[in-house]
>>> print(open('coords37.csv').read())   # CSV, C-alpha atoms
chain,number,residue,atom,x,y,z
A,772,MET,CA,107.7,77.8,76.5
A,773,TYR,CA,108.3,81.3,77.9
A,774,ALA,CA,105.2,80.8,80.1
A,775,ILE,CA,106.8,77.8,81.8
A,776,GLY,CA,110.0,79.9,82.5
A,777,PHE,CA,108.0,82.8,84.0
A,778,SER,CA,105.9,80.4,86.0
A,779,VAL,CA,109.0,78.7,87.5
A,780,LEU,CA,110.5,82.1,88.3
A,781,PHE,CA,107.4,83.4,90.0
A,782,VAL,CA,106.6,80.2,91.9
A,783,SER,CA,110.2,79.8,93.0
A,784,ARG,CA,110.2,83.4,94.3
A,785,LEU,CA,107.1,82.9,96.3
A,786,ILE,CA,108.2,79.5,97.7
A,787,SER,CA,111.6,80.9,98.6
A,788,ILE,CA,110.1,83.9,100.4
A,789,THR,CA,107.7,81.6,102.2
A,790,ILE,CA,110.5,79.3,103.4
A,791,LEU,CA,112.5,82.3,104.5
A,792,ALA,CA,109.4,83.6,106.4
A,793,PHE,CA,109.1,80.3,108.3
A,794,ARG,CA,112.8,80.3,109.1
A,795,ALA,CA,112.8,83.9,110.3
A,796,GLN,CA,109.3,84.2,111.7
A,797,HIS,CA,108.6,86.6,114.6
A,798,SER,CA,111.7,88.7,113.7
A,799,LEU,CA,109.5,91.7,112.7
A,800,CYS,CA,109.1,93.9,115.7
A,801,ILE,CA,105.6,95.3,115.1
A,802,ASN,CA,102.2,94.6,116.6
A,803,PRO,CA,101.0,91.5,114.8
A,804,LEU,CA,97.6,93.1,114.4
A,805,MET,CA,99.2,95.8,112.1
A,806,ALA,CA,101.0,93.1,110.0
A,807,TYR,CA,97.7,91.1,109.7
A,808,LEU,CA,95.8,94.3,108.8
A,809,ALA,CA,98.4,95.1,106.0
A,810,ALA,CA,98.0,91.5,104.7
A,811,ALA,CA,94.2,91.9,104.8
A,812,ILE,CA,94.5,95.0,102.7
A,813,ILE,CA,96.9,93.4,100.2
A,814,LEU,CA,95.0,90.1,99.7
A,815,PRO,CA,91.8,91.6,98.1
A,816,VAL,CA,93.9,93.7,95.8
A,817,VAL,CA,95.9,90.7,94.6
A,818,ILE,CA,92.7,88.7,94.2
A,819,TYR,CA,91.1,91.6,92.2
A,820,LEU,CA,94.3,91.6,90.0
A,821,PHE,CA,94.0,87.9,89.3
A,822,TYR,CA,90.3,88.3,88.5
A,823,SER,CA,91.1,91.2,86.2
A,824,VAL,CA,93.8,89.2,84.4
A,825,LYS,CA,91.5,86.3,83.9
A,826,ARG,CA,88.5,88.4,82.9
A,827,TYR,CA,90.0,91.2,80.8
A,828,PHE,CA,93.8,90.9,80.3
A,829,THR,CA,94.1,87.1,79.7
A,830,ILE,CA,96.7,84.7,81.1
A,831,GLU,CA,98.6,84.6,77.8
A,832,ARG,CA,99.1,88.4,77.9
A,833,ALA,CA,100.1,88.2,81.6
A,834,TYR,CA,102.9,85.8,80.5
A,835,GLY,CA,104.0,88.3,77.9
A,836,ILE,CA,102.7,86.9,74.6
A,837,ASP,CA,102.8,90.4,73.0
A,838,HIS,CA,106.6,90.3,73.6
A,839,PHE,CA,107.1,86.8,72.1
A,840,ASP,CA,104.5,86.5,69.3
A,841,LYS,CA,104.9,89.1,66.6
A,842,ASP,CA,101.4,88.3,65.3
A,843,TYR,CA,99.7,89.2,68.6
A,844,ASN,CA,98.0,92.5,68.2
A,845,GLU,CA,95.6,93.6,71.0
A,846,PRO,CA,95.1,97.1,72.4
A,847,TYR,CA,96.0,98.0,76.0
A,848,VAL,CA,93.4,96.9,78.5
A,849,LYS,CA,91.8,99.6,80.6
A,850,LYS,CA,89.2,97.5,82.5
A,851,GLY,CA,89.2,96.0,85.9
A,852,ILE,CA,92.3,96.8,88.0
A,853,PHE,CA,94.0,98.0,84.8
A,854,ARG,CA,91.8,101.1,84.7
A,855,TYR,CA,93.9,102.4,87.6
A,856,THR,CA,97.3,101.7,86.2
A,857,ASP,CA,99.0,100.7,83.0
A,858,ASN,CA,101.0,98.1,84.8
A,859,GLY,CA,98.7,96.3,87.2
A,860,MET,CA,100.9,93.1,87.2
A,861,TYR,CA,103.9,94.9,88.7
A,862,VAL,CA,102.0,97.4,90.8
A,863,TYR,CA,99.5,95.1,92.4
A,864,GLY,CA,100.4,91.5,91.5
A,865,LEU,CA,103.8,91.5,93.2
A,866,MET,CA,102.2,92.5,96.5
A,867,ILE,CA,101.6,88.8,96.9
A,868,LEU,CA,105.3,88.4,97.7
A,869,TYR,CA,104.8,90.4,100.9
A,870,LEU,CA,102.1,88.2,102.4
A,871,PRO,CA,104.4,85.4,103.8
A,872,GLY,CA,106.5,88.0,105.6
A,873,LEU,CA,103.5,89.8,107.0
A,874,LEU,CA,101.6,86.7,108.1
A,875,LEU,CA,104.7,85.2,109.7
A,876,LEU,CA,106.1,88.5,111.0
A,877,SER,CA,109.4,88.0,109.2
A,878,LYS,CA,111.7,90.9,108.6
A,879,ALA,CA,113.9,88.9,106.2
A,880,ALA,CA,111.0,87.8,104.1
A,881,LEU,CA,109.7,91.3,103.8
A,882,ALA,CA,113.2,92.5,102.8
A,883,VAL,CA,113.5,89.8,100.1
A,884,ALA,CA,110.0,90.6,98.9
A,885,LEU,CA,110.9,94.3,98.6
A,886,PHE,CA,114.2,93.4,96.8
A,887,ASN,CA,112.2,91.2,94.3
A,888,HIS,CA,109.6,93.9,93.7
A,889,ILE,CA,112.4,96.5,93.0
A,890,TYR,CA,114.3,94.0,90.9
A,891,ILE,CA,111.3,93.3,88.7
A,892,TRP,CA,110.7,97.1,88.2
A,893,VAL,CA,114.4,97.4,87.1
A,894,HIS,CA,113.6,94.6,84.5
A,895,TYR,CA,110.5,96.6,83.4
A,896,TYR,CA,112.4,99.8,82.8
A,897,CYS,CA,115.4,98.2,81.2
A,898,THR,CA,113.9,95.4,79.2
A,899,GLU,CA,110.1,95.4,79.0
A,900,ARG,CA,109.4,99.1,78.6
A,901,PRO,CA,111.7,99.6,75.6
A,902,ASP,CA,110.1,96.5,74.1
A,903,ILE,CA,106.6,98.0,74.6
A,904,GLU,CA,107.8,101.1,72.8
A,905,ILE,CA,108.8,98.9,69.8
A,906,ILE,CA,105.6,96.8,69.9
A,907,TYR,CA,103.1,99.6,70.4
A,908,GLY,CA,104.9,102.7,69.3
A,909,LYS,CA,104.7,104.3,72.7
A,910,VAL,CA,104.3,103.5,76.3
A,911,PRO,CA,100.8,104.1,77.7
A,912,GLY,CA,100.8,106.7,80.4
A,913,GLY,CA,104.5,107.5,79.6
>>> encode(input="coords37.csv", output="structure tokens")
Amino acid sequence: MYAIGFSVLFVSRLISITILAFRAQHSLCINPLMAYLAAAIILPVVIYLFYSVKRYFTIERAYGIDHFDKDYNEPYVKKGIFRYTDNGMYVYGLMILYLPGLLLLSKAALAVALFNHIYIWVHYYCTERPDIEIIYGKVPGG
């Protein structure tokens, strides 16, 4: 059930930002080539994250099964994109939120994407990180 809730939250964020990007397109005053270059850099990273989740991390774990199922007991993943950071989902995955703003040159969409990215990090430090300390006894890399 928690996976449905997280899916709705994530998809609604992306849809809202995309609608905002269409409504406020061409409000970003930079060379479009620079915005498209930034999007071209972000996209492969996001794709590599999704590949790493599917191949090494698992979709169930991405949804937070270790926080909701007390019988789930797997070690931290250090393969794929997760070898570069202990929190690939928040570091790299949320970059997808910036793509509509970059591709449609929308200042408002980029601002909302940044707000969402920061807001999710606040959730991590206030909710998820303390839970990780309870589940695993310590926070990897922390």
>>> closest_residue(input="coords37.csv", among="A:Ser823, A:Asn858, A:Asn887, A:Ser798", to="A:Phe781", atoms="all atoms listed in the file")
A:Asn887
>>> residues_around(input="coords37.csv", residues="A:Val848", least_positions_apart="3", cutoff="10 Å", atoms="only C-alpha atoms", output="PyMOL selection string")
chain A and resi 823-824+827-829+845+851-854+856-858
>>> residues_near_point(input="coords37.csv", point="(109.4, 86.2, 106.4)", cutoff="6 Å", atoms="only C-alpha atoms", output="list in words")
Leu791, Ala792, Ala795, Gln796, Pro871, Gly872, Leu875, Ser877, Lys878, Ala879, Ala880 and Leu881 of chain A
>>> atom_distance(input="coords37.csv", atom1="atom CA of A:Ile867", atom2="atom CA of A:Val817")
6.4 Å
>>> closest_residue(input="coords37.csv", among="A:Leu785, A:Ile889, A:Leu870, A:Ala882", to="A:Leu808", atoms="all atoms listed in the file")
A:Leu870
